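Notes follow once the structure below has been shown.
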Amino acid sequence: MFERGIEIKTSAQIASMREAGLVVGRTLELLRSTAAAGMTTAELDAIAHKHIRSLGATSNFLGYHGVTGVICTAVNDEVVHGSPGPRVLQDGDIISIDCGAIVDGWHGDAAITVAIGEVPDEVTELLRVTEESMWRGIAAARLGGRVSDISHAIETTIEAAGDYGIAEGYTGHGIGSAMHQPPNVYNYGRPRRGPKLVRGLALAVEPMVTLGTAQTRTLADDWTVVTTDGSWSAHFEHTFTLTDTGAWVLTALDGGQARLAELGVPFGG
Ligand code: MG
Ligand code: MG
């Protein structure tokens, strides 16, 4: 059912999204523990593809706007949308891995950024701040609130943490029977704007944060997005919904229960 272009899911449909979300969450955990110096991004993709298939799900990335894998990988100054390929991971790199899956026609979408070996403290902090902003965005969502309450919480978390860039022009999104649906979920903005947060809405929240500029450009492959100043970038993403009891992070293995509790938010799973 759609209300003003926004898909409102039944509890049964959300349950299918949880199944898809668990496939995504498990695949990302596998990749987090597997990613190492000397591997290519194509090897990570092959592991993800086999894993998604073994769980009885299908990929929503493969073939989407020409994506050649079941994951998108973005190394160092790449922000998003890199296709897996021959690039070999080096000690000291960071790699963002974005993954999605479909179960019974319902989609999940999430991303993590992983450090390969030792990275400088400022890079570790970039990852921490980016992930924290995602969780604080989710924690700001309440039934009856507005979509930009999430955006505002993301932005204020990042601004309070230091001098970072929030990649311009890239947003989170509604998700359900398709991976990308209205509404956009901006990573900055004033609160109390945009569509109302209602039961049955599902959103992918995905801050992209850099150590320098907010400006990005697209490479000649027409797809990979990099920072214009070469600064490194991190990306975290979860798909979540709001139930009558609280927030439920569909792509987190524990449904988000632990992190939400730390932030004083009731768990809705
Ligand atoms: Mg994604
Ligand atoms: Mg997404």
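Here, A, B, ... name the chains of the structure tokens in the order displayed, residue numbers run from 1 inside each chain, and ligands are numbered from 1 in the same displayed order.
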
Can you pull out every residue with an atom within 7 Å of ligand 1? Use only C-alpha atoms and all ligand atoms and format it as a PyMOL selection string. chain A and resi 98-100+109-111+237

Show me, as JSON lines, the residues of chain A having an atom within 10 Å of ligand 2, each with the closest atom pair and its distance in Å, using only C-alpha atoms and all ligand atoms.
{"residue": "A:Asp98", "atom": "CA", "partner": "ligand 2", "partner_atom_place_in_ligand_line": "1 (Mg)", "distance": 7.8}
{"residue": "A:Cys99", "atom": "CA", "partner": "ligand 2", "partner_atom_place_in_ligand_line": "1 (Mg)", "distance": 8.5}
{"residue": "A:Gly100", "atom": "CA", "partner": "ligand 2", "partner_atom_place_in_ligand_line": "1 (Mg)", "distance": 8.3}
{"residue": "A:Gly108", "atom": "CA", "partner": "ligand 2", "partner_atom_place_in_ligand_line": "1 (Mg)", "distance": 8.7}
{"residue": "A:Asp109", "atom": "CA", "partner": "ligand 2", "partner_atom_place_in_ligand_line": "1 (Mg)", "distance": 5.5}
{"residue": "A:Ala110", "atom": "CA", "partner": "ligand 2", "partner_atom_place_in_ligand_line": "1 (Mg)", "distance": 6.4}
{"residue": "A:Ala111", "atom": "CA", "partner": "ligand 2", "partner_atom_place_in_ligand_line": "1 (Mg)", "distance": 7.9}
{"residue": "A:Tyr170", "atom": "CA", "partner": "ligand 2", "partner_atom_place_in_ligand_line": "1 (Mg)", "distance": 9.6}
{"residue": "A:Thr171", "atom": "CA", "partner": "ligand 2", "partner_atom_place_in_ligand_line": "1 (Mg)", "distance": 7.9}
{"residue": "A:Gly172", "atom": "CA", "partner": "ligand 2", "partner_atom_place_in_ligand_line": "1 (Mg)", "distance": 5.7}
{"residue": "A:His173", "atom": "CA", "partner": "ligand 2", "partner_atom_place_in_ligand_line": "1 (Mg)", "distance": 6.4}
{"residue": "A:Gly174", "atom": "CA", "partner": "ligand 2", "partner_atom_place_in_ligand_line": "1 (Mg)", "distance": 8.6}
{"residue": "A:Ile175", "atom": "CA", "partner": "ligand 2", "partner_atom_place_in_ligand_line": "1 (Mg)", "distance": 8.3}
{"residue": "A:Met179", "atom": "CA", "partner": "ligand 2", "partner_atom_place_in_ligand_line": "1 (Mg)", "distance": 7.3}
{"residue": "A:His180", "atom": "CA", "partner": "ligand 2", "partner_atom_place_in_ligand_line": "1 (Mg)", "distance": 7.0}
{"residue": "A:Gln181", "atom": "CA", "partner": "ligand 2", "partner_atom_place_in_ligand_line": "1 (Mg)", "distance": 9.9}
{"residue": "A:Val185", "atom": "CA", "partner": "ligand 2", "partner_atom_place_in_ligand_line": "1 (Mg)", "distance": 9.9}
{"residue": "A:Leu203", "atom": "CA", "partner": "ligand 2", "partner_atom_place_in_ligand_line": "1 (Mg)", "distance": 8.8}
{"residue": "A:Ala204", "atom": "CA", "partner": "ligand 2", "partner_atom_place_in_ligand_line": "1 (Mg)", "distance": 5.5}
{"residue": "A:Val205", "atom": "CA", "partner": "ligand 2", "partner_atom_place_in_ligand_line": "1 (Mg)", "distance": 7.1}
{"residue": "A:Glu206", "atom": "CA", "partner": "ligand 2", "partner_atom_place_in_ligand_line": "1 (Mg)", "distance": 6.4}
{"residue": "A:Pro207", "atom": "CA", "partner": "ligand 2", "partner_atom_place_in_ligand_line": "1 (Mg)", "distance": 9.8}
{"residue": "A:Phe236", "atom": "CA", "partner": "ligand 2", "partner_atom_place_in_ligand_line": "1 (Mg)", "distance": 9.5}
{"residue": "A:Glu237", "atom": "CA", "partner": "ligand 2", "partner_atom_place_in_ligand_line": "1 (Mg)", "distance": 6.8}
{"residue": "A:His238", "atom": "CA", "partner": "ligand 2", "partner_atom_place_in_ligand_line": "1 (Mg)", "distance": 8.0}
{"residue": "A:Thr239", "atom": "CA", "partner": "ligand 2", "partner_atom_place_in_ligand_line": "1 (Mg)", "distance": 8.1}

Take the selection from the previous step and output its residues with C-alpha atoms, as a PDB file, in the first residue's frame.
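Output saved as result.pdb:
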ATOM      1  CA  ASP A  98      27.480  -2.071   0.688  1.00  0.00           C
ATOM      2  CA  CYS A  99      25.267  -5.134   0.359  1.00  0.00           C
ATOM      3  CA  GLY A 100      21.642  -5.943  -0.296  1.00  0.00           C
ATOM      4  CA  GLY A 108      17.312  -5.259   2.775  1.00  0.00           C
ATOM      5  CA  ASP A 109      20.223  -2.823   2.361  1.00  0.00           C
ATOM      6  CA  ALA A 110      23.164  -2.122   4.670  1.00  0.00           C
ATOM      7  CA  ALA A 111      26.806  -1.094   4.598  1.00  0.00           C
ATOM      8  CA  TYR A 170      23.866  11.208  -1.479  1.00  0.00           C
ATOM      9  CA  THR A 171      21.038  10.174   0.793  1.00  0.00           C
ATOM     10  CA  GLY A 172      19.355   7.293   2.506  1.00  0.00           C
ATOM     11  CA  HIS A 173      15.993   6.184   1.200  1.00  0.00           C
ATOM     12  CA  GLY A 174      12.751   4.383   1.673  1.00  0.00           C
ATOM     13  CA  ILE A 175      12.936   0.637   1.043  1.00  0.00           C
ATOM     14  CA  MET A 179      15.569  -1.155  -2.851  1.00  0.00           C
ATOM     15  CA  HIS A 180      15.259   2.568  -3.515  1.00  0.00           C
ATOM     16  CA  GLN A 181      11.943   4.257  -2.808  1.00  0.00           C
ATOM     17  CA  VAL A 185      16.730  10.532   3.962  1.00  0.00           C
ATOM     18  CA  LEU A 203      14.074   3.490   5.774  1.00  0.00           C
ATOM     19  CA  ALA A 204      17.721   2.906   4.904  1.00  0.00           C
ATOM     20  CA  VAL A 205      19.876   5.386   6.818  1.00  0.00           C
ATOM     21  CA  GLU A 206      23.355   5.819   5.344  1.00  0.00           C
ATOM     22  CA  PRO A 207      25.712   8.634   6.277  1.00  0.00           C
ATOM     23  CA  PHE A 236      27.633   2.903   7.250  1.00  0.00           C
ATOM     24  CA  GLU A 237      24.046   1.892   6.554  1.00  0.00           C
ATOM     25  CA  HIS A 238      21.177   0.051   8.189  1.00  0.00           C
ATOM     26  CA  THR A 239      17.563  -0.571   7.191  1.00  0.00           C
TER      27      THR A 239
END

At a cut-off of 6 Å, using only C-alpha atoms, what residues contact segment 223-231 of chain A? Leave out same-chain residues fewer than 5 positions from it and give the result as a PyMOL selection string. chain A and resi 77-82+211-212+215-218

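Of the residues under consideration (A:His235, A:His51, A:Arg199, A:Arg18), A:His235 shows the shortest atom-to-atom contact distance to Thr130 of chain A when counting only C-alpha atoms.
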
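Each of A:Gly25, A:Pro266, A:Gly5, A:Gly56 was checked against Asp254 of chain A using only C-alpha atoms; the smallest atom-to-atom distance is that of A:Gly25.
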
Where in segment 18-235 of chain A does DSSP assign helix (DSSP H, G or I), given as a PyMOL selection string? chain A and resi 18-34+41-54+64-66+121-139+147-161
